[in-house]
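K.L.:
Just model.cif, nothing more (mmCIF, C-alpha atoms and all ligand atoms):
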```
data_query
#
loop_
_atom_site.label_atom_id
_atom_site.label_comp_id
_atom_site.auth_asym_id
_atom_site.auth_seq_id
_atom_site.Cartn_x
_atom_site.Cartn_y
_atom_site.Cartn_z
CA MET A 27 23.17 -33.00 -24.15
CA SER A 28 21.70 -35.86 -26.03
CA ASP A 29 18.00 -36.04 -26.59
CA ASN A 30 17.66 -39.39 -24.87
CA VAL A 31 18.39 -38.31 -21.33
CA PRO A 32 17.27 -41.05 -18.96
CA SER A 33 14.24 -40.12 -16.96
CA PRO A 34 13.41 -38.83 -14.52
CA TYR A 35 15.09 -35.59 -15.54
CA ARG A 36 15.33 -33.13 -12.66
CA GLY A 37 16.53 -29.61 -13.33
CA ARG A 38 16.63 -26.45 -11.27
CA PHE A 39 17.02 -22.68 -11.28
CA ALA A 40 18.91 -21.44 -8.24
CA PRO A 41 19.04 -17.65 -7.96
CA SER A 42 20.72 -15.75 -5.16
CA PRO A 43 18.37 -13.08 -3.79
CA THR A 44 20.76 -10.19 -4.34
CA GLY A 45 18.37 -8.07 -6.40
CA ARG A 46 15.66 -8.30 -9.01
CA LEU A 47 15.96 -10.80 -11.83
CA HIS A 48 17.41 -9.25 -14.97
CA LEU A 49 17.49 -10.40 -18.55
CA GLY A 50 20.55 -12.59 -18.00
CA SER A 51 18.87 -14.48 -15.18
CA LEU A 52 15.69 -14.78 -17.23
CA VAL A 53 17.68 -16.48 -20.00
CA ALA A 54 19.08 -19.00 -17.49
CA ALA A 55 15.66 -19.56 -15.94
CA LEU A 56 13.90 -20.00 -19.29
CA GLY A 57 16.69 -22.23 -20.64
CA SER A 58 16.57 -24.56 -17.64
CA TRP A 59 12.75 -24.55 -17.68
CA LEU A 60 12.55 -25.35 -21.41
CA LEU A 61 15.11 -28.14 -21.15
CA ALA A 62 13.24 -29.67 -18.23
CA ARG A 63 9.96 -29.48 -20.16
CA HIS A 64 11.62 -30.82 -23.32
CA HIS A 65 12.71 -33.91 -21.36
CA ASP A 66 9.35 -34.28 -19.58
CA GLY A 67 11.22 -33.52 -16.41
CA THR A 68 10.75 -31.74 -13.13
CA TRP A 69 11.88 -28.14 -12.70
CA LEU A 70 12.73 -26.81 -9.26
CA VAL A 71 13.48 -23.37 -7.88
CA ARG A 72 15.98 -23.13 -5.07
CA MET A 73 16.65 -19.86 -3.28
CA GLU A 74 20.36 -19.57 -2.57
CA ASP A 75 20.09 -17.25 0.42
CA LEU A 76 23.23 -18.09 2.36
CA ASP A 77 25.02 -14.76 2.14
CA PRO A 78 22.98 -12.20 4.11
CA PRO A 79 25.50 -9.35 3.59
CA ARG A 80 24.92 -9.55 -0.17
CA GLU A 81 21.18 -10.07 0.01
CA VAL A 82 18.51 -7.44 -0.56
CA ALA A 83 15.41 -7.48 1.63
CA GLY A 84 12.41 -8.73 -0.31
CA ALA A 85 14.48 -9.85 -3.32
CA ALA A 86 13.61 -13.53 -2.96
CA GLU A 87 9.89 -12.78 -3.08
CA MET A 88 10.38 -10.39 -6.01
CA GLN A 89 12.33 -13.03 -7.92
CA LEU A 90 9.65 -15.66 -7.32
CA ALA A 91 6.96 -13.17 -8.39
CA THR A 92 8.90 -12.41 -11.57
CA LEU A 93 9.28 -16.10 -12.37
CA ALA A 94 5.55 -16.54 -11.81
CA ALA A 95 4.79 -13.59 -14.09
CA PHE A 96 6.84 -15.37 -16.75
CA GLY A 97 4.87 -18.56 -16.22
CA MET A 98 7.61 -20.47 -14.44
CA THR A 99 6.84 -21.91 -11.03
CA SER A 100 8.68 -24.63 -9.17
CA ASP A 101 7.16 -28.10 -9.60
CA GLU A 102 7.94 -28.79 -5.93
CA PRO A 103 8.01 -26.44 -2.93
CA VAL A 104 10.76 -23.83 -3.22
CA VAL A 105 13.77 -24.83 -1.14
CA ARG A 106 15.64 -22.11 0.76
CA GLN A 107 19.25 -22.73 1.61
CA SER A 108 18.94 -20.62 4.77
CA ALA A 109 16.81 -23.42 6.25
CA ARG A 110 19.31 -26.17 5.48
CA HIS A 111 22.35 -25.45 7.67
CA ASP A 112 22.22 -28.96 9.15
CA LEU A 113 22.71 -30.60 5.76
CA TYR A 114 25.80 -28.49 5.06
CA GLY A 115 27.11 -29.14 8.57
CA ASP A 116 26.77 -32.89 8.09
CA ALA A 117 28.61 -32.79 4.76
CA LEU A 118 31.39 -30.69 6.26
CA ALA A 119 31.74 -33.06 9.21
CA ARG A 120 32.11 -35.97 6.79
CA LEU A 121 34.79 -34.16 4.80
CA LEU A 122 36.70 -33.29 7.96
CA ALA A 123 36.42 -36.86 9.26
CA SER A 124 37.68 -38.32 5.97
CA GLY A 125 40.64 -35.94 5.90
CA ASN A 126 39.39 -34.22 2.73
CA ALA A 127 38.87 -30.91 4.53
CA PHE A 128 40.99 -28.90 6.95
CA GLU A 129 40.95 -25.76 9.06
CA CYS A 130 42.78 -22.79 7.57
CA ARG A 131 43.61 -19.46 9.21
CA CYS A 132 45.14 -17.81 6.16
CA SER A 133 43.71 -14.38 5.39
CA ARG A 134 43.24 -12.98 1.93
CA SER A 135 46.38 -10.88 2.34
CA ASP A 136 48.37 -13.92 3.51
CA LEU A 137 47.64 -15.45 0.10
CA THR A 138 48.40 -12.39 -2.01
CA ALA A 139 51.91 -13.60 -2.83
CA ALA A 140 50.41 -16.85 -4.14
CA GLY A 141 47.91 -14.98 -6.30
CA GLY A 142 45.11 -15.80 -3.83
CA ILE A 143 45.51 -19.52 -4.46
CA HIS A 144 45.83 -21.67 -1.35
CA ARG A 145 48.22 -24.64 -1.51
CA HIS A 146 49.50 -24.67 2.05
CA CYS A 147 48.86 -22.61 5.15
CA VAL A 148 50.92 -19.45 5.61
CA ALA A 149 48.66 -17.82 8.24
CA SER A 150 50.22 -14.82 9.91
CA ASP A 151 47.64 -14.68 12.75
CA PRO A 152 47.15 -18.01 14.55
CA THR A 153 44.26 -16.60 16.61
CA ARG A 154 42.12 -15.84 13.58
CA ALA A 155 38.84 -17.78 13.29
CA PRO A 156 39.45 -20.61 10.82
CA ALA A 157 37.85 -21.18 7.45
CA ILE A 158 37.42 -24.79 6.33
CA ARG A 159 38.86 -25.76 2.96
CA LEU A 160 38.71 -28.80 0.71
CA ARG A 161 42.18 -30.25 0.18
CA VAL A 162 42.91 -30.32 -3.56
CA PRO A 163 45.84 -32.67 -4.20
CA ASP A 164 48.70 -31.65 -6.49
CA ASP A 165 48.17 -32.39 -10.17
CA THR A 166 44.38 -32.49 -9.88
CA VAL A 167 42.88 -32.26 -13.36
CA VAL A 168 39.09 -32.38 -13.65
CA SER A 169 37.41 -32.68 -17.01
CA PHE A 170 33.79 -32.94 -17.99
CA GLU A 171 31.67 -32.71 -21.10
CA ASP A 172 29.38 -29.69 -21.02
CA GLY A 173 26.12 -30.20 -22.88
CA LEU A 174 26.62 -26.96 -24.79
CA GLN A 175 30.22 -25.81 -24.37
CA GLY A 176 31.81 -29.21 -25.06
CA ALA A 177 34.91 -30.55 -23.32
CA VAL A 178 36.06 -28.54 -20.31
CA GLU A 179 39.21 -29.21 -18.34
CA GLN A 180 40.67 -27.46 -15.34
CA ARG A 181 43.88 -27.94 -13.41
CA VAL A 182 42.19 -27.29 -10.09
CA ASP A 183 45.22 -27.22 -7.78
CA ARG A 184 46.89 -24.49 -9.84
CA GLU A 185 43.91 -22.51 -11.08
CA VAL A 186 41.76 -22.64 -7.95
CA GLY A 187 43.71 -24.14 -5.06
CA ASP A 188 42.16 -25.53 -1.89
CA VAL A 189 38.47 -24.65 -2.00
CA VAL A 190 36.77 -22.72 0.82
CA LEU A 191 33.79 -24.67 2.15
CA ARG A 192 32.98 -22.58 5.20
CA ARG A 193 34.24 -19.05 5.41
CA ALA A 194 36.11 -17.66 8.43
CA ASP A 195 33.05 -15.50 9.18
CA GLY A 196 31.03 -18.71 9.57
CA PHE A 197 29.03 -18.47 6.34
CA TRP A 198 28.75 -21.52 4.11
CA ALA A 199 30.47 -21.25 0.76
CA TYR A 200 28.26 -21.49 -2.31
CA GLN A 201 30.41 -24.38 -3.60
CA LEU A 202 29.55 -26.66 -0.69
CA ALA A 203 25.88 -25.74 -0.45
CA VAL A 204 25.21 -26.14 -4.16
CA VAL A 205 26.75 -29.62 -4.25
CA VAL A 206 24.89 -30.79 -1.15
CA ASP A 207 21.57 -29.41 -2.41
CA ASP A 208 21.85 -30.69 -5.97
CA ALA A 209 22.44 -34.18 -4.58
CA ASP A 210 19.77 -33.92 -1.90
CA GLN A 211 17.22 -32.75 -4.48
CA GLY A 212 18.18 -35.48 -6.94
CA ILE A 213 19.16 -33.00 -9.66
CA THR A 214 20.19 -34.84 -12.82
CA ASP A 215 20.82 -31.80 -15.02
CA ILE A 216 22.40 -28.51 -14.00
CA VAL A 217 21.58 -25.78 -16.51
CA ARG A 218 22.92 -22.33 -15.59
CA GLY A 219 24.92 -19.37 -16.83
CA ALA A 220 28.43 -19.78 -18.21
CA ASP A 221 29.79 -17.62 -15.38
CA LEU A 222 29.70 -20.84 -13.34
CA LEU A 223 31.60 -22.95 -15.89
CA ASP A 224 34.79 -22.37 -13.90
CA SER A 225 33.16 -23.51 -10.66
CA THR A 226 32.04 -26.84 -12.06
CA PRO A 227 35.36 -28.74 -11.72
CA ARG A 228 35.62 -27.88 -8.01
CA GLN A 229 31.99 -28.95 -7.54
CA ILE A 230 32.80 -32.25 -9.25
CA LEU A 231 35.74 -32.72 -6.86
CA LEU A 232 33.45 -32.10 -3.92
CA GLN A 233 30.90 -34.57 -5.27
CA ARG A 234 33.64 -37.18 -5.50
CA ALA A 235 34.90 -36.45 -1.99
CA LEU A 236 31.36 -36.83 -0.64
CA GLY A 237 30.57 -39.92 -2.72
CA LEU A 238 27.77 -38.09 -4.57
CA PRO A 239 26.80 -38.50 -8.23
CA THR A 240 27.85 -35.82 -10.72
CA PRO A 241 24.89 -34.42 -12.65
CA ARG A 242 25.11 -33.49 -16.34
CA HIS A 243 25.97 -29.84 -16.94
CA LEU A 244 24.92 -27.36 -19.58
CA HIS A 245 26.17 -23.78 -19.34
CA LEU A 246 24.14 -21.20 -21.22
CA PRO A 247 25.64 -18.02 -22.66
CA LEU A 248 25.78 -14.98 -20.44
CA ILE A 249 24.19 -11.83 -21.74
CA VAL A 250 26.78 -9.08 -21.77
CA ASP A 251 26.75 -5.44 -22.86
CA ALA A 252 28.70 -4.11 -25.83
CA ASP A 253 31.84 -3.79 -23.65
CA GLY A 254 31.61 -7.41 -22.60
CA HIS A 255 30.42 -6.64 -19.06
CA LYS A 256 28.00 -9.00 -17.41
CA LEU A 257 24.54 -7.53 -17.71
CA SER A 258 23.81 -7.97 -14.04
CA LYS A 259 26.41 -5.40 -13.09
CA SER A 260 26.38 -2.92 -15.93
CA MET A 261 22.71 -2.87 -16.77
CA ALA A 262 21.10 -3.55 -13.45
CA SER A 263 18.73 -0.73 -14.32
CA LEU A 264 17.13 -3.00 -16.88
CA PRO A 265 14.90 -5.12 -14.66
CA ILE A 266 12.36 -7.16 -16.48
CA ASP A 267 8.79 -6.01 -16.23
CA ASP A 268 6.46 -8.40 -14.41
CA ASP A 269 3.46 -6.47 -15.76
CA ALA A 270 4.50 -6.78 -19.40
CA PRO A 271 6.51 -10.00 -19.64
CA LEU A 272 6.05 -10.83 -23.32
CA PRO A 273 8.79 -8.56 -24.78
CA ALA A 274 11.45 -9.87 -22.37
CA LEU A 275 10.26 -13.43 -22.90
CA ARG A 276 10.75 -12.99 -26.64
CA ILE A 277 14.26 -11.60 -26.13
CA ALA A 278 15.18 -14.49 -23.80
CA TRP A 279 13.77 -17.03 -26.28
CA GLN A 280 15.81 -15.43 -29.04
CA ALA A 281 18.94 -15.36 -26.90
CA LEU A 282 18.48 -19.13 -26.57
CA GLY A 283 18.86 -19.34 -30.36
CA GLN A 284 15.18 -20.08 -31.00
CA PRO A 285 13.18 -18.50 -33.83
CA VAL A 286 11.33 -15.50 -32.47
CA ALA A 287 8.67 -15.49 -35.19
CA VAL A 288 6.96 -18.55 -33.74
CA LEU A 289 5.93 -16.44 -30.76
CA ASP A 290 4.36 -13.73 -32.95
CA GLY A 291 0.77 -13.25 -32.02
CA ALA A 292 0.92 -15.25 -28.78
CA PRO A 293 -1.47 -13.16 -26.68
CA THR A 294 -0.38 -14.30 -23.23
CA VAL A 295 2.66 -15.69 -21.46
CA ALA A 296 0.88 -19.02 -21.07
CA ALA A 297 0.26 -19.19 -24.82
CA ALA A 298 3.85 -18.16 -25.59
CA LEU A 299 5.24 -20.83 -23.25
CA ARG A 300 3.00 -23.47 -24.79
CA ILE A 301 4.38 -22.64 -28.23
CA ALA A 302 7.91 -22.36 -26.87
CA THR A 303 7.68 -25.78 -25.24
CA ARG A 304 6.50 -27.28 -28.52
CA GLU A 305 9.02 -25.50 -30.77
CA PHE A 306 12.11 -25.56 -28.55
CA LEU A 307 15.09 -27.40 -30.01
CA PRO A 308 18.16 -27.82 -27.77
CA ASP A 309 20.38 -28.11 -30.84
CA ARG A 310 19.71 -24.44 -31.59
CA LEU A 311 21.18 -23.24 -28.28
CA PRO A 312 24.15 -20.98 -29.10
CA LYS A 313 27.42 -22.77 -28.32
CA VAL A 314 29.09 -19.68 -26.91
CA THR A 315 29.76 -18.46 -23.41
CA SER A 316 28.46 -14.95 -23.97
CA LEU A 317 26.15 -12.99 -26.21
CA THR A 318 25.90 -9.23 -26.47
CA PHE A 319 22.64 -7.68 -25.38
CA ALA A 320 22.14 -6.19 -28.85
CA ALA A 321 22.63 -9.63 -30.38
CA ALA A 322 20.08 -11.13 -28.04
CA HIS A 323 17.65 -8.58 -29.43
CA ASN A 324 18.50 -9.15 -33.06
CA ASN A 325 20.24 -12.28 -34.18
CA ALA A 326 21.63 -14.21 -31.24
CA ALA A 327 24.13 -16.21 -33.28
CA ALA A 328 25.58 -13.18 -35.05
CA GLY A 329 26.57 -11.55 -31.79
CA ALA A 330 28.45 -14.44 -30.30
CA VAL A 331 31.69 -13.36 -28.65
N1 LIG B 401 23.04 -18.99 -6.94
C1 LIG B 401 23.94 -18.92 -8.06
C2 LIG B 401 23.80 -17.58 -8.74
O1 LIG B 401 22.81 -16.93 -8.61
C3 LIG B 401 23.67 -19.98 -9.11
C4 LIG B 401 23.93 -21.32 -8.60
C5 LIG B 401 23.85 -22.43 -9.63
O2 LIG B 401 23.04 -22.36 -10.56
O3 LIG B 401 24.60 -23.38 -9.47
O4 LIG B 401 24.70 -17.16 -9.44
#
```
For the file at hand, write its structure as structure tokens.
P.N.:
Amino acid sequence: MSDNVPSPYRGRFAPSPTGRLHLGSLVAALGSWLLARHHDGTWLVRMEDLDPPREVAGAAEMQLATLAAFGMTSDEPVVRQSARHDLYGDALARLLASGNAFECRCSRSDLTAAGGIHRHCVASDPTRAPAIRLRVPDDTVVSFEDGLQGAVEQRVDREVGDVVLRRADGFWAYQLAVVVDDADQGITDIVRGADLLDSTPRQILLQRALGLPTPRHLHLPLIVDADGHKLSKSMASLPIDDDAPLPALRIAWQALGQPVAVLDGAPTVAAALRIATREFLPDRLPKVTSLTFAAAHNNAAAGAV
């Protein structure tokens, strides 16, 4: 990302309320917050609560409380996807009307032979409730320049196939909701974990099909354990402590490639964030897709994998 991003910069942090925030999510939250502050922008929190089976009661409130304990609150009222079904319905209706989306009754097992990738319908049960998919034409290559990871290219028809927009069980797919919301909220800069790097090309395709602008993207490294597992799964027992946020804030700051010593002696989160806002340099962000937890503690760059 260049330093002369046109204003107004609008960024966001968009957690799914599936549990408490962990160090990996704190790194994404702090990174998106610092970049928004660095560009004198607006920072929004959006609760991505569209998948009740995966959600944990009370998690959304816990996540917002944790963000507040770390000094990060949304500059505008928090948006909850569960209250925005109409927006997703309108977008889907447009995609169906334009012929970009279609009903599909293929089950997961129907697609096993094709490696789970949908190119044409092979449904074995015509009475099954349909999912709705985005038609991805043959030879679809999407490329974009990530603000941290550089040039990214994906052959979407082969690597992803036709994208589910609404699942057969009636739930909205993340891919559709995120694209509709980022446009509706005027997001100019998507900053999030590198686990979503692979999703970006299909989101760009959806933006094009809906005639929406494509924001800039910057994918931050994921924090992984020594075996390379995503921290959220393997170290879920390491929630960050709302009552003593400074140690985790220091680790997250360091994981973002910033010099930890500048935070020495900051007595409060507010003081630490003031210093962090002043000292933050985007050029120091580690240009890697993952960092080991130990490296985040010690020297972020040395642990790049
Ligand atoms: N809700 C998604 C997650 O928690 C992130 C969505 C996004 O940042 O685009 O993984």
K.L.:
Between CA of Val53 in chain A and CA of Leu282 in chain A, what distance in Å does the model show, to one decimal?
P.N.:
7.1 Å
K.L.:
So how far away is CA of Val182 in chain A from CA of Gly141 in chain A, in Å?
P.N.:
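Between CA of Gly141 in chain A and CA of Val182 in chain A the gap works out to 14.1 Å.
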K.L.:
Kindly provide, as a ChimeraX atom specification, all nucleotide and amino acid residues lying within 10 Å of ligand LIG 401 (chain B), counting only C-alpha atoms and all ligand atoms.
P.N.:
/A:38-44,47,51,54-55,58,71-76,200-201,203-205,207-208,216-223,225-226,229,243,245
K.L.:
How far is it from CA of Phe96 in chain A to CA of Val295 in chain A, in Å with one decimal?
P.N.:
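Calculated distance between CA of Phe96 in chain A and CA of Val295 in chain A is 6.3 Å.
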K.L.:
Looking at A:Ile266, A:Leu160, A:Ala278, A:Leu246, which one is nearest to Leu299 in chain A, with distances taken over only C-alpha atoms?
P.N.:
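Looking only at the distances to Leu299 in chain A, the closest residue turns out to be A:Ala278.
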K.L.:
For Val186 in chain A, which of A:Thr166, A:Gln233, A:Ser316, A:Ser150 is the closest residue, counting all atoms listed in the file?
P.N.:
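Once distances to Val186 in chain A are computed over all atoms listed in the file, the minimum belongs to A:Thr166.
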K.L.:
Given the choices A:Ala287, A:Val190, A:Val206, A:Ala62, which gets closest to Val162 in chain A if the distance is worked out from only C-alpha atoms?
P.N.:
A:Val190
K.L.:
How big is the axis-aligned box around all listed atoms of range 278-285 of chain A once 4 Å goes on each side, and where's its centre, in Å to one decimal, as JSON?
P.N.:
```
{"center_x": 16.1, "center_y": -17.3, "center_z": -28.8, "size_x": 13.8, "size_y": 13.6, "size_z": 18.0}
```
K.L.:
Just checking: using only C-alpha atoms, which residue out of A:Ile213, A:Ala86, A:Cys147, A:Leu93 ends up closest to Leu238 in chain A?
P.N.:
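Once distances to Leu238 in chain A are computed over only C-alpha atoms, the minimum belongs to A:Ile213.
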K.L.:
Tell me which protein, DNA and RNA residues are within 9 Å of Asp195 in chain A, counting only C-alpha atoms, leaving out same-chain ones fewer than 4 positions away, and put them as an MDAnalysis selection string.
P.N.:
chainID A and resid 155:157
K.L.:
Would you mind telling me which residue in A:Leu174, A:Gly212, A:Asp224, A:Glu87 lies nearest to Trp69 in chain A when using only C-alpha atoms?
P.N.:
A:Gly212
K.L.:
Within 12 Å of (43.9, -14.6, 9.8), in the coordinates the file gives, what residues turn up when you count only C-alpha atoms, written out as a list in words?
P.N.:
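In the file's frame, the residues around the point are Glu129, Cys130, Arg131, Cys132, Ser133, Arg134, Ser135, Asp136, Leu137, Cys147, Val148, Ala149, Ser150, Asp151, Pro152, Thr153, Arg154, Ala155, Pro156, Ala157, Arg193, Ala194 and Asp195 of chain A.
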K.L.:
Excluding Gln175 in chain A and residues on its chain fewer than 2 positions from it, collect all residues at most 8 Å away from it, counting all atoms listed in the file, and give them as a ChimeraX atom specification.
P.N.:
/A:171-173,177-178,244-245,313-315
K.L.:
Which residue is closest to His111 in chain A? Choose from A:His64, A:Arg192, A:His255, A:Arg80 and count all atoms listed in the file.
P.N.:
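Of A:His64, A:Arg192, A:His255, A:Arg80, the one nearest His111 in chain A, counting all atoms listed in the file, is A:Arg192.
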